[in-house]
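See below for protein.txt, which holds compact mmCIF, C-alpha atoms (C1' of nucleotides).
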# COMPACT_ATOMS: atom_id res chain seq x y z
CA MET H 28 64.93 -145.07 94.55
CA SER H 29 63.61 -142.46 96.95
CA PHE H 30 63.96 -143.10 100.65
CA ASP H 31 61.18 -144.78 102.55
CA VAL H 32 59.00 -142.39 104.45
CA ASP H 33 57.56 -143.03 107.87
CA VAL H 34 53.83 -142.85 107.28
CA GLU H 35 53.07 -142.59 110.97
CA SER H 36 55.35 -139.57 111.28
CA LEU H 37 53.71 -137.94 108.31
CA ARG H 38 50.26 -138.54 109.73
CA ALA H 39 51.38 -137.01 112.99
CA THR H 40 52.18 -133.70 111.28
CA ARG H 41 48.87 -133.45 109.46
CA LEU H 42 47.34 -130.00 109.24
CA VAL H 43 44.21 -129.77 111.37
CA ARG H 44 40.82 -128.27 110.53
CA GLY H 45 41.58 -124.92 112.11
CA TRP H 46 44.57 -124.43 109.83
CA TYR H 47 42.19 -124.23 106.88
CA ALA H 48 39.72 -121.92 108.62
CA ARG H 49 41.37 -118.77 107.26
CA ASP H 50 40.98 -116.55 104.24
CA ALA H 51 42.18 -118.12 100.98
CA LEU H 52 44.90 -115.45 100.70
CA VAL H 53 46.37 -116.52 104.04
CA VAL H 54 46.08 -120.23 103.30
CA ALA H 55 47.53 -119.89 99.80
CA ARG H 56 50.66 -118.22 101.17
CA ALA H 57 50.97 -120.66 104.08
CA LEU H 58 50.52 -123.65 101.79
CA VAL H 59 53.73 -123.00 99.82
CA GLY H 60 56.33 -125.38 101.26
CA CYS H 61 53.79 -127.79 102.75
CA LEU H 62 53.72 -131.49 101.90
CA VAL H 63 50.92 -133.28 100.09
CA VAL H 64 50.65 -136.97 100.99
CA HIS H 65 48.58 -139.48 99.06
CA GLU H 66 48.83 -142.93 100.60
CA ARG H 67 47.00 -144.67 97.79
CA GLY H 68 47.67 -144.74 94.09
CA GLU H 69 45.23 -144.98 91.24
CA GLY H 70 44.96 -148.72 91.80
CA GLY H 71 43.47 -148.12 95.20
CA GLY H 72 46.24 -149.10 97.56
CA GLU H 73 49.37 -150.38 95.85
CA GLY H 74 52.79 -148.84 96.25
CA ARG H 75 54.36 -146.35 98.63
CA PRO H 76 52.74 -143.06 99.61
CA ARG H 77 53.20 -140.28 97.08
CA VAL H 78 54.69 -137.23 98.76
CA SER H 79 55.38 -133.85 97.16
CA ARG H 80 56.27 -130.36 98.36
CA VAL H 81 54.04 -127.52 97.17
CA VAL H 82 55.90 -124.69 95.43
CA GLU H 83 53.06 -122.75 93.78
CA THR H 84 49.47 -121.87 94.74
CA GLU H 85 46.65 -119.53 93.81
CA ALA H 86 43.88 -118.08 95.99
CA TYR H 87 40.24 -118.06 94.90
CA ARG H 88 38.03 -116.03 97.17
CA GLY H 89 34.36 -116.78 96.82
CA PRO H 90 31.37 -115.53 94.78
CA LYS H 91 32.60 -111.95 94.46
CA ASP H 92 35.86 -113.13 92.87
CA LEU H 93 34.89 -113.45 89.20
CA ALA H 94 37.70 -115.95 88.61
CA CYS H 95 36.32 -118.27 91.31
CA HIS H 96 33.88 -121.02 90.45
CA ALA H 97 31.82 -120.02 93.49
CA ARG H 98 30.47 -117.19 91.35
CA ALA H 99 28.08 -119.78 89.84
CA GLY H 100 26.53 -120.48 93.21
CA LEU H 101 25.77 -123.96 94.53
CA THR H 102 25.80 -126.52 91.72
CA ARG H 103 26.82 -130.14 91.59
CA ARG H 104 30.31 -129.05 90.60
CA THR H 105 30.75 -126.42 93.32
CA ARG H 106 29.27 -128.53 96.09
CA SER H 107 32.63 -129.27 97.73
CA LEU H 108 33.95 -125.77 97.02
CA LEU H 109 31.09 -124.35 99.07
CA GLY H 110 31.38 -127.04 101.74
CA THR H 111 33.41 -127.21 104.92
CA GLU H 112 37.02 -125.98 104.97
CA GLY H 113 39.81 -128.54 104.78
CA HIS H 114 38.30 -130.62 101.99
CA ALA H 115 39.40 -131.35 98.42
CA TYR H 116 37.76 -129.56 95.51
CA VAL H 117 38.76 -131.32 92.27
CA PHE H 118 37.36 -130.40 88.86
CA LEU H 119 38.10 -131.00 85.18
CA VAL H 120 39.28 -128.12 83.04
CA TYR H 121 39.63 -127.85 79.27
CA GLY H 122 38.06 -131.28 79.00
CA MET H 123 41.25 -133.08 79.97
CA HIS H 124 43.11 -131.74 82.99
CA GLU H 125 42.10 -132.11 86.61
CA CYS H 126 42.77 -129.32 89.10
CA PHE H 127 43.26 -130.04 92.80
CA ASN H 128 42.10 -127.38 95.25
CA VAL H 129 41.95 -127.10 99.04
CA THR H 130 38.82 -125.51 100.48
CA CYS H 131 39.29 -122.96 103.23
CA ALA H 132 37.81 -120.02 105.15
CA GLY H 133 34.54 -121.66 106.22
CA GLU H 134 31.43 -123.48 105.10
CA GLY H 135 29.60 -121.60 102.38
CA MET H 136 32.43 -119.07 101.89
CA GLY H 137 33.54 -120.52 98.56
CA HIS H 138 37.22 -119.91 99.28
CA ALA H 139 39.77 -122.34 97.84
CA VAL H 140 43.47 -122.62 97.07
CA LEU H 141 44.61 -124.21 93.81
CA VAL H 142 47.82 -126.25 93.97
CA ARG H 143 49.61 -125.30 90.75
CA ALA H 144 52.98 -126.98 91.19
CA ALA H 145 55.06 -129.12 93.51
CA GLU H 146 58.37 -130.98 93.62
CA PRO H 147 58.63 -134.75 94.11
CA VAL H 148 59.71 -135.86 97.60
CA SER H 149 58.97 -139.58 97.86
CA GLY H 150 56.99 -142.31 96.19
CA LEU H 151 57.28 -140.56 92.85
CA ASP H 152 59.76 -140.78 90.01
CA PRO H 153 62.57 -138.43 91.14
CA GLY H 154 62.37 -136.76 87.76
CA ALA H 155 58.58 -136.53 87.75
CA ARG H 156 57.19 -133.18 86.69
CA LEU H 157 54.52 -131.70 88.92
CA ASP H 158 54.66 -128.20 87.43
CA GLY H 159 51.22 -127.08 86.34
CA PRO H 160 47.89 -128.04 87.93
CA GLY H 161 47.19 -130.83 85.44
CA ARG H 162 50.59 -132.44 85.89
CA PHE H 163 50.39 -132.16 89.67
CA ALA H 164 46.98 -133.85 89.86
CA ARG H 165 48.03 -136.60 87.49
CA ALA H 166 51.33 -137.36 89.26
CA MET H 167 49.73 -137.33 92.71
CA ALA H 168 46.64 -139.23 91.52
CA THR H 169 44.40 -136.58 93.07
CA SER H 170 41.54 -137.18 90.66
CA ARG H 171 37.89 -136.22 90.83
CA ALA H 172 37.29 -139.47 92.71
CA LEU H 173 38.73 -137.54 95.68
CA ASP H 174 36.50 -134.50 95.22
CA GLY H 175 35.00 -133.72 98.61
CA HIS H 176 37.55 -135.81 100.52
CA ASP H 177 38.32 -134.65 104.07
CA LEU H 178 41.96 -133.55 103.91
CA THR H 179 42.50 -134.04 107.63
CA ARG H 180 42.22 -137.80 107.10
CA PRO H 181 44.12 -140.46 105.13
CA PRO H 182 44.56 -141.48 102.43
CA LEU H 183 45.02 -137.88 101.24
CA TYR H 184 46.20 -135.11 103.56
CA LEU H 185 48.56 -132.16 103.92
CA CYS H 186 51.47 -131.75 106.33
CA GLY H 187 53.13 -128.62 107.69
CA ARG H 188 56.19 -127.33 105.89
CA PRO H 189 59.60 -128.63 106.99
CA ARG H 190 61.21 -125.26 106.25
CA ARG H 191 59.87 -121.81 105.59
CA PRO H 192 60.37 -120.96 101.90
CA ARG H 193 60.80 -117.59 100.23
CA ILE H 194 57.53 -116.39 98.76
CA ALA H 195 57.04 -114.42 95.56
CA VAL H 196 53.71 -113.19 94.24
CA SER H 197 52.18 -112.56 90.83
CA ALA H 198 48.82 -112.36 89.08
CA ARG H 199 46.90 -115.60 88.69
CA VAL H 200 47.29 -117.60 85.50
CA GLY H 201 44.58 -118.11 82.92
CA VAL H 202 41.93 -115.82 84.38
CA ALA H 203 42.12 -112.86 82.01
CA TYR H 204 38.35 -113.03 81.56
CA ALA H 205 37.83 -112.02 85.19
CA GLY H 206 38.38 -108.31 84.56
CA ASP H 207 39.83 -106.40 87.50
CA TRP H 208 40.13 -109.56 89.54
CA ALA H 209 42.70 -110.96 87.12
CA ALA H 210 45.23 -108.31 88.10
CA ARG H 211 45.27 -109.14 91.79
CA LEU H 212 48.51 -110.66 93.01
CA TRP H 213 46.92 -113.84 94.33
CA ARG H 214 49.47 -116.35 93.03
CA PHE H 215 52.18 -117.42 95.49
CA TYR H 216 55.30 -119.41 94.67
CA ASP H 217 58.78 -120.27 95.84
CA PRO H 218 61.06 -118.34 93.46
CA SER H 219 64.01 -120.59 94.28
CA SER H 220 62.25 -123.72 93.00
CA VAL H 221 62.79 -124.98 89.47
CA HIS H 222 59.42 -126.74 89.68
CA VAL H 223 57.32 -123.59 89.48
CA SER H 224 55.09 -123.59 86.41
CA ARG H 225 55.53 -120.87 83.83
CA PRO H 226 52.61 -118.69 82.82
CA PRO H 227 51.79 -118.62 79.09
CA LYS H 228 53.89 -116.00 77.39
CA LYS H 229 51.77 -113.17 76.10
CA SER H 230 54.74 -111.04 75.15
CA ILE H 231 58.41 -111.54 74.47
CA GLY H 232 61.52 -109.90 75.82
CA LEU H 233 60.89 -110.66 79.46
CA GLY H 234 64.29 -112.24 79.82
C1' DC V 21 18.17 -130.33 74.01
C1' DA V 22 22.06 -127.14 71.99
C1' DT V 23 25.97 -124.54 72.51
C1' DA V 24 29.87 -121.62 74.31
C1' DT V 25 33.77 -121.85 77.08
C1' DG V 26 37.42 -122.69 79.94
C1' DA V 27 41.89 -122.10 87.07
C1' DT V 28 45.94 -126.44 80.41
C1' DT V 29 49.28 -129.02 78.00
C1' DC V 30 51.56 -130.63 73.96
C1' DC V 31 53.13 -130.27 69.30
C1' DA V 32 54.59 -127.69 65.10
C1' DG R 18 50.65 -120.20 67.06
C1' DG R 19 47.00 -123.78 67.46
C1' DA R 20 44.83 -128.18 68.34
C1' DA R 21 43.03 -131.53 71.53
C1' DT R 22 38.72 -132.60 74.04
C1' DC R 23 34.53 -132.63 77.35
C1' DA R 24 32.19 -131.32 81.82
C1' DT R 25 29.77 -127.53 83.17
C1' DA R 26 26.75 -123.73 83.01
C1' DT R 27 23.34 -121.40 80.62
C1' DG R 28 19.61 -120.48 77.61
C1' DA R 29 15.87 -122.17 74.45

Hey, can you dump this file as structure tokens for me?
Amino acid sequence: MSFDVDVESLRATRLVRGWYARDALVVARALVGCLVVHERGEGGGEGRPRVSRVVETEAYRGPKDLACHARAGLTRRTRSLLGTEGHAYVFLVYGMHECFNVTCAGEGMGHAVLVRAAEPVSGLDPGARLDGPGRFARAMATSRALDGHDLTRPPLYLCGRPRRPRIAVSARVGVAYAGDWAARLWRFYDPSSVHVSRPPKKSIGLG
DNA sequence: CATATGATTCCA
DNA sequence: GGAATCATATGA
């Protein structure tokens, strides 16, 4: 159904290492509107590339950020999180959902940006839902098998945004345990997109 | 080895 | 509102 994409053109617009070598707050904002390209499916190579446009992100800023997994130091799980910028950090949450993150800042910094939602562009069911970290990772097949993958190389990489989107900010979702850090406005999203995930409602009457 | 707890989603 | 479901971190 969706139009064929020119893989060579996509590859040519890949984001380079230096793009990721910035604070997670900067990368999280810049990532909204960018494309995620996965040239291989779960089968390991069948089908067209899966392409989606990011509409929602969250910044996680290293050991001092109590909502960031880097607070646990270097473990088998946080190995890629604490590695070089521009790599995938994928982990399982709640025993069933995988979360896809992009490492940034620099080696050992523990900065990462969580991709929380995107809209389908190509190679996906036009009606596919990619709102919510679990749905995004499942639809794009960005599983833990890709943890530690270098995002400047195929089969999984990011491309610069075709157009500059509007950006809205809010507190991060699901990190109430992190005390003062939970209140920081480190979630970035395109308010004009219907694909943005909705935070759990803790109160009613918000319209 | 045992156990508490999530960077969530789906159903009632 | 509450269950599903398990890797991870932590402590014994």

Within 10 Å of chain H, which residues of chain R are there when counting only C-alpha atoms (C1' of nucleotides)? Please give them as a list of chain:residue names.
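Close to chain H, chain R has R:DA21, R:DT22, R:DC23, R:DA24, R:DT25, R:DA26.
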
Give, as JSON, the centre coordinates and the x, y and z edge lengths in Å to one decimal for an axis-aligned box around all listed atoms of stretch 206-218 of chain H, padded by 6 Å on each side.
{"center_x": 49.7, "center_y": -113.3, "center_z": 90.2, "size_x": 34.7, "size_y": 25.9, "size_z": 23.3}

Tell me which protein, DNA and RNA residues are within 7 Å of H:Leu52, counting only C-alpha atoms (C1' of nucleotides), leaving out same-chain ones fewer than 4 positions away, and put them as a ChimeraX atom specification.
/H:56,86,213

Include C-alpha atoms and write out the residues we just selected as an mmCIF file, keeping the file's coordinate frame.
data_model
loop_
_atom_site.group_PDB
_atom_site.id
_atom_site.type_symbol
_atom_site.label_atom_id
_atom_site.label_comp_id
_atom_site.auth_asym_id
_atom_site.auth_seq_id
_atom_site.Cartn_x
_atom_site.Cartn_y
_atom_site.Cartn_z
ATOM 1 C CA ARG H 56 50.660 -118.220 101.170
ATOM 2 C CA ALA H 86 43.880 -118.080 95.990
ATOM 3 C CA TRP H 213 46.920 -113.840 94.330
#

Could you write out as a ChimeraX atom specification the residues of chain H within 8 Å of chain V, counting all atoms listed in the file?
/H:94-95,120-121,124,126,141,159-161,200-202

Extract, using all atoms listed in the file, all DNA, RNA and protein residues at most 12 Å from H:Met167, discarding same-chain residues fewer than 4 positions from it, and format them as a PyMOL selection string.
chain H and resi 62-69+75-81+125-127+142+144-152+155-158+160-163+173+182-184

Figure out the distance between atom CA of H:Ser36 and atom CA of H:Gly154, please, to one decimal in Å.
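Between atom CA of H:Gly154 and atom CA of H:Ser36 the gap works out to 24.7 Å.
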
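Remark: for H:Glu134, the closest of the candidate residues H:Ala172, H:Leu101, H:Leu93, H:Val32 is H:Leu101 (distances computed over all atoms listed in the file).
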
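Taking atom CA of H:Tyr216 as the reference point, atom CA of H:Ser170 is found at 22.8 Å.
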
Find the distance between atom CA of H:Pro189 and atom CA of H:Pro153 and write it in Å to one decimal.
18.9 Å

Find the residue from H:Gly133, H:Gly74, H:Gly60, H:Gly45 that sits nearest to H:Arg191; use all atoms listed in the file when measuring.
H:Gly60
